[in-house]
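Chemist: Please find one structure pasted underneath; my questions will follow.
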Amino acid sequence: MFDIDWRGLLLPLAYLVVLVGTFMTFSTVYRKRKAVESANLAPWFGPHLQRNIYLSILHMEPEEGSEKAPKVPDSVIRAALLRRAVEDIHRIIQIRTAKQACSTLLQRGSVGDDLWQRFQRAEKEMEEELRDVVMEANALVPGWGQIIFQSANEIAANKVLRDRLEEIEQQTERDKEWWEKRRATIKNEFMKELDEEAGDKAQSKTSTNSVAGSEDEPVLVGTDTPSATPSGASKKKSKK
């Protein structure tokens, strides 16, 4: 049997206990600090207005002077829940679109950890939101939770299509106005060029007529100039 020198092991054991305790304390303080920082980070999305409307309709308080809350039709509650699901579809699309970009920027060091923590928290919140919507839909109509997001996706797609069509129509109107102005400008410039060409032609014709008139002017001969006598007639007079 080997004798164990406990006194010799006391110092290493104490050092190990202190090291483990320090590590656990540091880990606890670090997690608490990270949790506080994560709680203080700005949310990825703004307030969920459609969810707030649905909860307000679902938990309406009684009016003053009455003991019971007003009865809300089930169709209104279902419509509010469907609008909430449509808003969730929009947010899911934004998260899927931004996830790859955020991951790439984080790997390159272009963004800090705060942005990535905000994004991860938004993902978790959306997962809880989707589960809540499914539970609420099944509570209203059994089995509706399986198809509510399919209906919401169709509504969201139709809304995007309508917005795109409205944008195209607005762009068409702007292009039409621009073309009308451009056509009027081109017409004015063309008429101005025609007027200038007509003026040039009239001026050229006037100068041509003036030159032709100067060439056709008669030559005046003076009456005081003695006329030449024919040689034959002078010879006949000398013979006589």
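In the structure tokens, each chain is lettered A, B, ... as it comes, each chain's residues begin at 1, and ligands are numbered from 1 in order of appearance.
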Assign secondary structure with DSSP using the backbone only, and return the residues of stretch 36-220 of chain A in helix (DSSP H, G or I) as a PyMOL selection string.
Modeler: chain A and resi 36-40+49-58+74-108+113-140+144-146+148-215
Chemist: Taking only C-alpha atoms into account, name the residue in A:Arg108, A:Thr172, A:Ser103, A:Arg78 that is nearest to A:Trp144.
Modeler: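 Among the listed residues, the smallest separation from A:Trp144 belongs to A:Arg78.
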Chemist: What's the 12 Å shell around A:Arg91, counting only C-alpha atoms, without same-chain residues fewer than 2 positions away, as a PyMOL selection string?
Modeler: chain A and resi 44-48+84-89+93-98+119+122-123+125-127+129-130+153+156
Chemist: Please indicate the distance in Å from atom CA of A:Val76 to atom CA of A:Gln146, rounded to one decimal place.
Modeler: 19.9 Å
Chemist: A:Asp132, A:Phe26, A:Lys99, A:Leu10: which is nearest A:Leu55, counting only C-alpha atoms?
Modeler: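 Under the stated criterion, the closest residue is A:Asp132.
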Chemist: With distances taken over only C-alpha atoms, which residue among A:Thr104, A:Glu180, A:Glu128, A:Ala139 lies nearest A:Asp74?
Modeler: A:Ala139
Chemist: Give me, please, the distance in Å between atom CA of A:Ile147 and atom CA of A:His90, quoted to one decimal.
Modeler: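 Rounded to one decimal, the two atoms are 16.7 Å apart.
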